[in-house]
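Source file: input.txt; contents: compact mmCIF, C-alpha atoms and all ligand atoms.
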# COMPACT_ATOMS: atom_id res chain seq x y z
CA MET A 1 24.45 -36.33 -30.47
CA THR A 2 22.08 -39.11 -29.51
CA ARG A 3 18.30 -38.68 -29.54
CA PHE A 4 16.28 -37.62 -26.49
CA MET A 5 15.31 -41.08 -25.28
CA THR A 6 18.90 -42.38 -25.44
CA THR A 7 20.26 -39.20 -23.85
CA ALA A 8 17.76 -39.53 -21.00
CA ILE A 9 19.41 -42.84 -20.13
CA HIS A 10 23.06 -42.34 -21.11
CA GLY A 11 23.65 -38.57 -21.38
CA LYS A 12 26.88 -37.57 -19.54
CA GLU A 13 26.74 -40.86 -17.66
CA GLN A 14 30.08 -41.95 -16.22
CA ARG A 15 30.55 -45.37 -17.88
CA GLN A 16 32.68 -46.78 -15.07
CA LYS A 17 31.18 -46.19 -11.65
CA PRO A 18 32.31 -47.18 -8.16
CA TYR A 19 32.27 -50.98 -7.71
CA HIS A 20 31.60 -51.27 -11.48
CA ALA A 21 27.93 -50.76 -10.64
CA LEU A 22 25.65 -50.31 -13.64
CA VAL A 23 23.48 -47.59 -12.08
CA THR A 24 24.63 -44.39 -10.38
CA PRO A 25 25.17 -45.10 -6.68
CA ILE A 26 23.40 -43.14 -3.95
CA CYS A 27 26.29 -41.44 -2.18
CA THR A 28 24.93 -40.63 1.27
CA THR A 29 28.03 -39.02 2.75
CA SER A 30 27.80 -35.52 4.20
CA THR A 31 31.57 -34.95 4.09
CA PHE A 32 34.40 -35.92 1.73
CA THR A 33 37.86 -36.54 3.15
CA PHE A 34 41.48 -35.91 2.16
CA GLU A 35 44.44 -38.29 2.10
CA ASP A 36 46.94 -35.84 3.54
CA MET A 37 47.73 -32.14 3.64
CA ASP A 38 49.24 -32.24 0.15
CA ASP A 39 45.90 -33.51 -1.07
CA VAL A 40 44.19 -30.67 0.80
CA ASN A 41 46.47 -28.09 -0.81
CA ARG A 42 45.96 -29.48 -4.31
CA THR A 43 42.21 -29.55 -3.85
CA GLN A 44 42.06 -25.99 -2.53
CA ASP A 45 43.78 -24.82 -5.72
CA GLU A 46 41.16 -26.66 -7.74
CA TYR A 47 38.34 -25.05 -5.75
CA LEU A 48 39.83 -21.63 -6.35
CA ALA A 49 39.84 -22.44 -10.07
CA GLY A 50 36.10 -23.20 -9.80
CA LYS A 51 36.43 -26.99 -10.05
CA TYR A 52 34.43 -27.76 -6.92
CA LEU A 53 32.34 -30.42 -8.60
CA GLU A 54 35.23 -32.68 -9.59
CA ARG A 55 36.44 -33.27 -6.07
CA MET A 56 33.78 -32.68 -3.47
CA GLU A 57 34.41 -31.46 0.02
CA TYR A 58 31.16 -31.05 1.90
CA GLY A 59 27.61 -32.13 1.09
CA ARG A 60 26.18 -28.64 0.81
CA TYR A 61 28.61 -27.90 -2.03
CA GLY A 62 27.74 -30.98 -4.01
CA ASN A 63 27.22 -34.68 -3.95
CA PRO A 64 28.06 -37.18 -6.74
CA THR A 65 24.43 -38.36 -7.06
CA GLN A 66 23.17 -34.77 -7.30
CA TYR A 67 25.90 -33.96 -9.82
CA ALA A 68 24.91 -36.93 -12.02
CA VAL A 69 21.33 -35.62 -12.22
CA GLU A 70 22.46 -32.05 -12.94
CA GLN A 71 24.52 -33.26 -15.87
CA ARG A 72 21.73 -35.44 -17.23
CA LEU A 73 19.13 -32.66 -17.02
CA ALA A 74 21.56 -30.17 -18.59
CA VAL A 75 22.05 -32.29 -21.72
CA LEU A 76 18.32 -32.91 -22.01
CA GLU A 77 17.50 -29.22 -21.75
CA GLU A 78 20.42 -28.23 -24.04
CA ALA A 79 21.98 -26.21 -21.21
CA GLU A 80 25.64 -25.86 -20.30
CA ALA A 81 25.02 -26.30 -16.59
CA ALA A 82 22.35 -26.87 -13.94
CA ILE A 83 21.78 -26.64 -10.21
CA LEU A 84 19.58 -29.28 -8.66
CA SER A 85 17.93 -28.23 -5.40
CA ALA A 86 15.36 -29.14 -2.77
CA SER A 87 12.17 -27.93 -4.50
CA GLY A 88 10.88 -26.01 -7.48
CA MET A 89 10.16 -23.00 -5.26
CA TYR A 90 13.72 -23.03 -3.94
CA ALA A 91 15.05 -23.04 -7.54
CA ILE A 92 12.81 -20.05 -8.38
CA THR A 93 13.41 -17.97 -5.25
CA ALA A 94 17.17 -18.62 -5.19
CA THR A 95 17.42 -17.67 -8.87
CA LEU A 96 15.54 -14.39 -8.33
CA LEU A 97 17.60 -13.58 -5.24
CA GLY A 98 20.79 -14.35 -7.12
CA LEU A 99 20.05 -12.09 -10.07
CA LEU A 100 18.24 -9.12 -8.55
CA SER A 101 19.53 -6.25 -6.42
CA SER A 102 17.72 -3.60 -4.45
CA GLY A 103 16.48 -0.79 -6.72
CA GLU A 104 15.91 -3.07 -9.67
CA HIS A 105 12.67 -4.00 -11.37
CA MET A 106 11.28 -7.21 -12.80
CA ILE A 107 8.28 -8.21 -14.88
CA LEU A 108 6.17 -11.23 -14.09
CA THR A 109 3.50 -12.59 -16.39
CA GLN A 110 0.04 -13.17 -14.94
CA ASP A 111 -1.04 -16.67 -13.92
CA CYS A 112 2.45 -17.67 -12.83
CA TYR A 113 2.63 -20.16 -9.97
CA ARG A 114 0.89 -18.65 -6.93
CA ARG A 115 3.95 -18.84 -4.67
CA THR A 116 6.16 -17.25 -7.31
CA ARG A 117 3.78 -14.28 -7.44
CA GLY A 118 3.64 -14.21 -3.64
CA PHE A 119 7.43 -14.21 -3.31
CA CYS A 120 7.76 -11.27 -5.70
CA SER A 121 4.93 -9.18 -4.27
CA THR A 122 5.49 -9.88 -0.56
CA TYR A 123 9.23 -10.47 -0.18
CA LEU A 124 11.14 -8.96 -3.10
CA SER A 125 9.18 -5.73 -2.56
CA ARG A 126 10.42 -5.62 1.05
CA TRP A 127 13.98 -5.69 -0.25
CA GLY A 128 13.46 -2.83 -2.70
CA ILE A 129 12.78 -4.85 -5.82
CA GLU A 130 9.64 -3.88 -7.70
CA THR A 131 7.58 -6.30 -9.76
CA THR A 132 5.11 -5.41 -12.49
CA ILE A 133 2.58 -8.13 -13.26
CA VAL A 134 1.40 -8.07 -16.87
CA PRO A 135 -1.40 -10.08 -18.53
CA ALA A 136 -0.34 -13.50 -19.77
CA CYS A 137 0.96 -13.60 -23.35
CA ASP A 138 0.70 -9.82 -23.83
CA ILE A 139 4.04 -8.93 -25.44
CA GLU A 140 2.92 -5.32 -25.97
CA ALA A 141 2.15 -4.91 -22.26
CA ILE A 142 5.59 -6.31 -21.45
CA GLU A 143 7.25 -3.85 -23.82
CA LYS A 144 5.31 -0.99 -22.15
CA ALA A 145 6.23 -2.18 -18.66
CA MET A 146 9.97 -2.17 -19.40
CA ARG A 147 11.94 0.41 -17.42
CA PRO A 148 15.62 1.40 -17.52
CA ASN A 149 16.18 -0.68 -14.36
CA THR A 150 14.26 -3.77 -15.55
CA ARG A 151 16.67 -6.60 -14.95
CA LEU A 152 14.54 -9.58 -15.88
CA ILE A 153 11.26 -10.99 -17.14
CA PHE A 154 9.95 -14.10 -15.44
CA THR A 155 7.34 -16.14 -17.26
CA GLU A 156 5.77 -19.56 -17.18
CA VAL A 157 5.07 -21.72 -20.26
CA PRO A 158 2.45 -23.07 -20.32
CA THR A 159 0.68 -21.35 -17.43
CA ASN A 160 -1.67 -22.88 -14.92
CA PRO A 161 -4.66 -23.25 -15.01
CA TRP A 162 -5.31 -21.62 -18.41
CA LEU A 163 -2.33 -23.27 -20.13
CA ARG A 164 -1.46 -20.03 -21.92
CA VAL A 165 1.63 -20.27 -24.13
CA ILE A 166 3.59 -17.04 -24.56
CA ASP A 167 5.53 -16.50 -27.77
CA LEU A 168 8.99 -16.94 -26.24
CA GLU A 169 10.83 -15.78 -29.35
CA ALA A 170 8.97 -12.44 -29.37
CA LEU A 171 9.49 -12.12 -25.63
CA VAL A 172 13.24 -12.72 -25.93
CA GLU A 173 13.42 -10.05 -28.65
CA VAL A 174 11.81 -7.45 -26.35
CA ALA A 175 14.04 -8.44 -23.43
CA ARG A 176 17.23 -8.27 -25.52
CA ALA A 177 16.34 -4.83 -26.86
CA HIS A 178 16.25 -3.63 -23.24
CA GLY A 179 19.19 -5.64 -21.92
CA ALA A 180 16.98 -7.74 -19.64
CA LYS A 181 17.17 -11.48 -19.03
CA VAL A 182 14.33 -13.95 -19.52
CA ILE A 183 13.64 -16.77 -17.09
CA ALA A 184 11.05 -19.38 -18.01
CA ASP A 185 9.39 -21.79 -15.61
CA SER A 186 8.83 -24.65 -18.01
CA THR A 187 7.59 -27.21 -15.47
CA ILE A 188 4.26 -27.81 -17.23
CA ALA A 189 5.96 -28.39 -20.60
CA SER A 190 8.91 -30.53 -19.44
CA PRO A 191 12.03 -30.68 -21.64
CA CYS A 192 10.22 -33.21 -23.85
CA ASN A 193 7.66 -30.71 -25.12
CA LEU A 194 9.53 -27.39 -25.05
CA ARG A 195 13.18 -26.27 -25.15
CA PRO A 196 13.13 -22.59 -24.03
CA LEU A 197 16.93 -22.18 -24.03
CA ALA A 198 17.04 -23.03 -27.74
CA LEU A 199 14.55 -20.16 -28.26
CA GLY A 200 16.89 -17.67 -26.59
CA VAL A 201 15.66 -17.74 -22.99
CA ASP A 202 18.51 -17.19 -20.47
CA LEU A 203 17.47 -19.55 -17.69
CA VAL A 204 14.93 -22.35 -17.39
CA VAL A 205 13.53 -23.58 -14.09
CA HIS A 206 11.55 -26.73 -13.39
CA SER A 207 9.82 -28.18 -10.42
CA GLY A 208 11.38 -31.66 -10.53
CA THR A 209 8.44 -32.73 -8.40
CA LYS A 210 6.21 -32.97 -11.49
CA TYR A 211 7.16 -34.62 -14.82
CA LEU A 212 10.89 -35.00 -14.13
CA GLY A 213 10.39 -37.11 -11.00
CA GLY A 214 7.16 -38.41 -12.46
CA HIS A 215 5.97 -40.71 -9.69
CA ASN A 216 4.37 -38.32 -7.17
CA ASP A 217 6.99 -39.34 -4.61
CA LEU A 218 9.63 -36.61 -4.37
CA LEU A 219 10.26 -32.84 -4.26
CA ALA A 220 13.09 -31.24 -6.22
CA GLY A 221 13.87 -28.20 -8.35
CA VAL A 222 16.38 -27.30 -11.04
CA VAL A 223 17.65 -24.18 -12.77
CA LEU A 224 19.51 -24.51 -16.06
CA GLY A 225 21.42 -22.20 -18.38
CA ALA A 226 24.82 -20.94 -19.46
CA GLU A 227 27.84 -21.87 -17.36
CA ASP A 228 28.67 -18.31 -16.22
CA LEU A 229 25.14 -17.56 -15.01
CA ILE A 230 24.80 -20.91 -13.27
CA THR A 231 28.20 -20.48 -11.60
CA GLU A 232 27.08 -17.11 -10.25
CA LEU A 233 23.87 -18.66 -8.90
CA ARG A 234 25.73 -21.65 -7.46
CA GLU A 235 27.75 -19.36 -5.22
CA LEU A 236 24.50 -18.08 -3.62
CA HIS A 237 23.13 -21.63 -3.46
CA PHE A 238 26.19 -22.59 -1.36
CA HIS A 239 25.12 -19.90 1.13
CA LEU A 240 21.37 -20.63 1.08
CA GLY A 241 21.90 -24.36 1.36
CA GLY A 242 18.70 -25.75 -0.16
CA VAL A 243 20.39 -28.93 -1.33
CA VAL A 244 18.60 -32.02 -2.54
CA ALA A 245 19.16 -35.22 -0.54
CA PRO A 246 21.20 -37.91 -2.35
CA GLN A 247 18.36 -40.45 -2.13
CA THR A 248 15.96 -37.96 -3.71
CA ALA A 249 18.51 -37.14 -6.41
CA TYR A 250 18.70 -40.84 -7.21
CA ASN A 251 14.92 -41.18 -7.46
CA LEU A 252 14.87 -38.20 -9.77
CA LEU A 253 17.56 -39.72 -12.00
CA ARG A 254 15.55 -42.92 -12.15
CA GLY A 255 12.46 -40.93 -13.13
CA VAL A 256 14.32 -39.00 -15.82
CA LYS A 257 15.36 -42.23 -17.58
CA THR A 258 11.69 -42.81 -18.53
CA LEU A 259 10.76 -39.13 -18.98
CA ASP A 260 10.16 -39.36 -22.72
CA LEU A 261 8.02 -42.51 -22.49
CA ARG A 262 5.94 -41.00 -19.72
CA VAL A 263 5.48 -37.56 -21.26
CA GLU A 264 4.49 -39.13 -24.59
CA HIS A 265 1.74 -40.97 -22.71
CA HIS A 266 0.69 -37.79 -20.86
CA ASN A 267 0.55 -35.99 -24.24
CA THR A 268 -1.62 -38.68 -25.82
CA SER A 269 -3.95 -38.98 -22.82
CA GLY A 270 -4.14 -35.21 -22.29
CA MET A 271 -5.20 -34.70 -25.90
CA ALA A 272 -7.74 -37.56 -25.75
CA VAL A 273 -9.27 -36.25 -22.52
CA ALA A 274 -9.40 -32.67 -23.85
CA ARG A 275 -11.12 -33.78 -27.08
CA PHE A 276 -13.59 -35.90 -25.16
CA LEU A 277 -14.47 -33.09 -22.75
CA GLU A 278 -14.93 -30.62 -25.60
CA SER A 279 -17.58 -32.91 -27.10
CA GLN A 280 -19.67 -33.07 -23.92
CA THR A 281 -22.72 -30.87 -23.38
CA GLN A 282 -22.16 -30.76 -19.59
CA VAL A 283 -18.78 -29.08 -20.24
CA LYS A 284 -18.91 -25.34 -20.92
CA SER A 285 -15.31 -24.77 -22.03
CA VAL A 286 -12.02 -26.66 -22.28
CA TYR A 287 -8.53 -25.14 -22.05
CA TYR A 288 -5.82 -27.26 -23.67
CA PRO A 289 -3.17 -25.81 -26.02
CA GLY A 290 -3.47 -28.83 -28.31
CA LEU A 291 -7.07 -27.88 -29.17
CA PRO A 292 -7.64 -25.45 -32.07
CA SER A 293 -10.10 -23.59 -29.78
CA HIS A 294 -7.27 -22.57 -27.40
CA PRO A 295 -6.21 -18.90 -27.79
CA ASP A 296 -2.52 -19.86 -28.09
CA HIS A 297 -2.94 -22.96 -30.25
CA ASP A 298 -0.85 -21.51 -33.12
CA VAL A 299 2.02 -20.44 -30.82
CA ALA A 300 1.90 -23.80 -29.05
CA MET A 301 2.00 -25.66 -32.37
CA ARG A 302 5.07 -23.63 -33.38
CA LEU A 303 7.04 -23.89 -30.13
CA MET A 304 5.98 -27.18 -28.57
CA SER A 305 6.18 -30.78 -29.67
CA GLY A 306 3.41 -31.97 -27.32
CA PHE A 307 0.91 -30.38 -24.94
CA GLY A 308 1.20 -32.43 -21.76
CA GLY A 309 -1.25 -34.03 -19.41
CA MET A 310 -2.97 -31.07 -17.76
CA VAL A 311 -6.46 -30.10 -18.96
CA SER A 312 -8.59 -27.33 -17.45
CA PHE A 313 -12.32 -27.08 -18.09
CA GLU A 314 -15.52 -25.56 -16.80
CA ILE A 315 -18.58 -27.57 -15.95
CA ALA A 316 -21.90 -26.22 -17.26
CA GLY A 317 -23.42 -26.06 -13.79
CA THR A 318 -23.13 -24.62 -10.31
CA ARG A 319 -20.28 -24.70 -7.79
CA GLU A 320 -22.06 -27.58 -6.02
CA GLN A 321 -22.63 -29.55 -9.23
CA THR A 322 -18.93 -29.13 -10.04
CA SER A 323 -17.97 -30.49 -6.61
CA ALA A 324 -20.41 -33.38 -7.12
CA PHE A 325 -18.74 -34.13 -10.45
CA VAL A 326 -15.28 -34.16 -8.80
CA ASP A 327 -16.59 -36.42 -6.04
CA ALA A 328 -18.05 -38.82 -8.61
CA LEU A 329 -14.67 -39.36 -10.30
CA ARG A 330 -13.28 -42.76 -9.28
CA ILE A 331 -9.78 -42.77 -10.77
CA PRO A 332 -8.09 -39.42 -10.04
CA TYR A 333 -7.25 -38.49 -6.47
CA ILE A 334 -8.32 -35.05 -5.27
CA GLY A 335 -5.05 -33.23 -4.74
CA PRO A 336 -2.66 -30.63 -6.15
CA SER A 337 0.33 -31.39 -8.42
CA PHE A 338 0.52 -33.19 -11.78
CA GLY A 339 2.95 -35.05 -14.01
CA GLY A 340 3.07 -38.27 -12.03
CA THR A 341 1.76 -41.81 -12.35
CA GLU A 342 -1.58 -41.09 -10.63
CA ALA A 343 -4.20 -38.78 -12.14
CA LEU A 344 -5.05 -35.79 -9.92
CA VAL A 345 -7.94 -33.33 -9.90
CA ILE A 346 -8.76 -30.06 -8.15
CA GLN A 347 -11.56 -27.50 -8.15
CA PRO A 348 -9.32 -24.39 -7.95
CA ALA A 349 -12.03 -22.04 -6.58
CA ILE A 350 -12.20 -24.20 -3.46
CA GLN A 351 -8.67 -25.56 -3.28
CA SER A 352 -5.83 -23.30 -4.55
CA TYR A 353 -7.63 -19.95 -4.47
CA CYS A 354 -9.65 -20.32 -1.28
CA GLY A 355 -7.75 -17.43 0.36
CA LEU A 356 -9.16 -14.90 -2.12
CA SER A 357 -12.52 -13.14 -2.05
CA VAL A 358 -14.99 -14.09 -4.78
CA GLU A 359 -14.24 -10.80 -6.59
CA GLN A 360 -10.46 -11.34 -6.44
CA ARG A 361 -10.90 -14.89 -7.66
CA LEU A 362 -13.13 -13.92 -10.57
CA ALA A 363 -10.74 -11.09 -11.48
CA VAL A 364 -8.11 -13.76 -12.23
CA GLY A 365 -10.72 -15.88 -14.01
CA ILE A 366 -11.09 -18.63 -11.41
CA THR A 367 -14.77 -19.50 -11.67
CA ASP A 368 -16.66 -21.87 -9.37
CA GLN A 369 -17.08 -24.30 -12.27
CA LEU A 370 -13.39 -24.59 -13.11
CA VAL A 371 -11.77 -28.01 -12.80
CA ARG A 372 -8.06 -28.73 -13.26
CA TYR A 373 -7.50 -32.30 -14.28
CA ALA A 374 -4.05 -33.88 -14.64
CA VAL A 375 -3.88 -37.28 -16.30
CA GLY A 376 -1.53 -39.88 -14.84
CA LEU A 377 -0.18 -42.94 -16.61
CA GLU A 378 -3.52 -44.76 -16.52
CA ASP A 379 -5.12 -45.95 -19.77
CA PRO A 380 -6.82 -42.89 -21.33
CA ASP A 381 -9.90 -44.97 -22.22
CA ASP A 382 -10.40 -45.70 -18.52
CA LEU A 383 -9.98 -42.03 -17.64
CA ILE A 384 -12.52 -41.05 -20.30
CA GLU A 385 -15.06 -43.67 -19.17
CA ASP A 386 -14.62 -42.42 -15.64
CA LEU A 387 -15.12 -38.79 -16.73
CA ALA A 388 -18.23 -39.81 -18.70
CA GLN A 389 -19.88 -41.48 -15.71
CA ALA A 390 -19.04 -38.51 -13.46
CA LEU A 391 -20.48 -36.04 -16.01
CA GLU A 392 -23.82 -37.87 -15.79
CA ARG A 393 -24.08 -36.52 -12.23
CA VAL A 394 -24.07 -32.92 -13.45
C1 LIG B 1 4.82 -27.16 -8.63
C2 LIG B 1 5.30 -25.96 -9.35
C3 LIG B 1 6.25 -25.10 -8.78
C4 LIG B 1 6.78 -25.32 -7.39
O1 LIG B 1 7.54 -26.48 -7.31
P1 LIG B 1 7.74 -27.30 -5.93
O2 LIG B 1 8.61 -28.43 -6.34
O3 LIG B 1 6.39 -27.70 -5.47
O4 LIG B 1 8.41 -26.35 -4.98
C5 LIG B 1 6.67 -24.02 -9.52
N1 LIG B 1 6.19 -23.78 -10.76
C6 LIG B 1 5.28 -24.58 -11.34
C7 LIG B 1 4.79 -24.27 -12.70
C8 LIG B 1 4.80 -25.69 -10.66
O5 LIG B 1 3.88 -26.47 -11.23

Take the structure in the file and write it out as structure tokens.
Ligand SMILES: *Cc1c(COP(=O)(O)O)cnc(C)c1O
Amino acid sequence: MTRFMTTAIHGKEQRQKPYHALVTPICTTSTFTFEDMDDVNRTQDEYLAGKYLERMEYGRYGNPTQYAVEQRLAVLEEAEAAILSASGMYAITATLLGLLSSGEHMILTQDCYRRTRGFCSTYLSRWGIETTIVPACDIEAIEKAMRPNTRLIFTEVPTNPWLRVIDLEALVEVARAHGAKVIADSTIASPCNLRPLALGVDLVVHSGTKYLGGHNDLLAGVVLGAEDLITELRELHFHLGGVVAPQTAYNLLRGVKTLDLRVEHHNTSGMAVARFLESQTQVKSVYYPGLPSHPDHDVAMRLMSGFGGMVSFEIAGTREQTSAFVDALRIPYIGPSFGGTEALVIQPAIQSYCGLSVEQRLAVGITDQLVRYAVGLEDPDDLIEDLAQALERV
């Protein structure tokens, strides 16, 4: 077993590639052909034996560039298998559709990705699947919400924007006792900072759009886990067809090679920015799991090896003063997403939660003064100087 940084570059890499190329080629074909009918017959037998990834037939069933990324991400996440797809939301929705049947029940932890919650409450409910939403990190509430037909628990670690870190080991224990599966969206941690499968979680999903891609230039998603579960999900994926384009798969593979270097930098900068903000009088509160003041600091210290580049905080001021602060920032762009080269910032009350009434927004803790800041790969000293000058406007 090599170490993470070596595995990110060489893990499951085919040493000899077409044309003796050093890097994995972008295979842009939509169809794969056969030499003769004997070849067709042989291949059909292989497909029936489940070996559809060794000899590809049609682009929706697999592409060599996509396959190379799946294998790389699987070794990094300590998974047996993975499915790479068109976006993080596709990976999540296809996984839920693949595992759940009408009449079943699932549990979702609060402050999961907004679209994940929307999919469960608006669509799964239409198809006879009930979802109970429980407060983040409340293992007791999860235990109480379990029913005989509870098939799975879906959680996010850490969550957004509060960066709550659920005790995955305790969660897995509850799920196992009830015969339910656990799925963790570990996008905000990345495989560098957290390895949920090693803690007993059944499936991990990531939005490849964030840390894995890492350059704010692609959309992708991945689900990882044991071979039998992934094979079951792959069958549905063949029907749904949300494949990733070969060019995008290549860009993702290129990003993954520097994942560890980049996430280390995000971890260092995230921590520096969080500490700086906590020392400022114009900042009311800071939410970062690496800070001892965070409610889940102890759990995070136990489960995670770094805390990432996202920092949430509240400005000691009004909604308008908070907007003025965001406007005064010169380095981050105003925009959603995180985990890439460029720092990004949003004021969630105005941006991600604008569809809710003030009461609904406050009920989920989204105050007017909340800012979500995601460091990029800039020098943290520059980011801090920039934050300092913007805070003077408050
Ligand atoms: C971005 C994100 C998603 C959705 O991923 P897309 O690639 O945008 O579809 C899901 N979960 C989390 C935690 C995310 O940050």

message: Using only C-alpha atoms, which protein or nucleic acid residues come within 7 Å of stretch 86-98 of chain A? Drop anything in the same chain fewer than 4 positions from it, and give the result as a PyMOL selection string.
response: chain A and resi 205-208+219-223+233+236-237+242-244

Return as JSON the box centre and box size in Å, one decimal, for an axis-aligned box around all listed atoms of stretch 328-343 of chain A padded by 6 Å per side.
{"center_x": -7.5, "center_y": -36.7, "center_z": -9.4, "size_x": 33.1, "size_y": 24.1, "size_z": 21.3}

- prompt: For A:Gln282, which residue out of A:Asp38, A:Glu392, A:Glu232, A:Glu173 is the nearest one, using only C-alpha atoms?
  reply: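 Result for the nearest residue to A:Gln282: A:Glu392.
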
query: From the set A:Ala175, A:Val256, A:Ala184, A:Leu194, which residue has the shortest atom-to-atom contact distance to A:Met301, counting only C-alpha atoms?
result: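 Distance minimum relative to A:Met301 lands on A:Leu194.
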
Atom-to-atom span, atom CA of A:Thr7 and atom CA of A:Pro380, Å: 27.4 Å

field: Expected answer as a list in words: all residues with atoms within 10 Å of (4.5, -11.9, -25.2), all atoms listed in the file
entry: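 Selection result: Thr109, Val134, Pro135, Ala136, Cys137, Asp138, Ile139, Glu140, Ala141, Ile142, Glu143, Thr155, Val165, Ile166, Asp167, Leu168, Glu169, Ala170, Leu171, Val172, Glu173 and Val174 of chain A.
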
task: Take atom CA of A:Leu224 and atom CA of A:Val182 and report the distance between them in Å, one decimal.
output: 12.3 Å

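Each of A:Ser285, A:Thr159, A:Thr65, A:Gln280 was compared to A:Gln389 using only C-alpha atoms, and A:Gln280 turns out to be the nearest.
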
Residue contacts of A:Ile331 (12 Å, all atoms listed in the file) excluding same-chain residues fewer than 2 positions away, as a ChimeraX atom specification: /A:326-329,333-334,341-345,373-390

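With distances taken over all atoms listed in the file, A:Ile188 is the one residue among A:Ile188, A:Ile107, A:Cys120, A:Leu362 lying closest to ligand LIG 1 (chain B).
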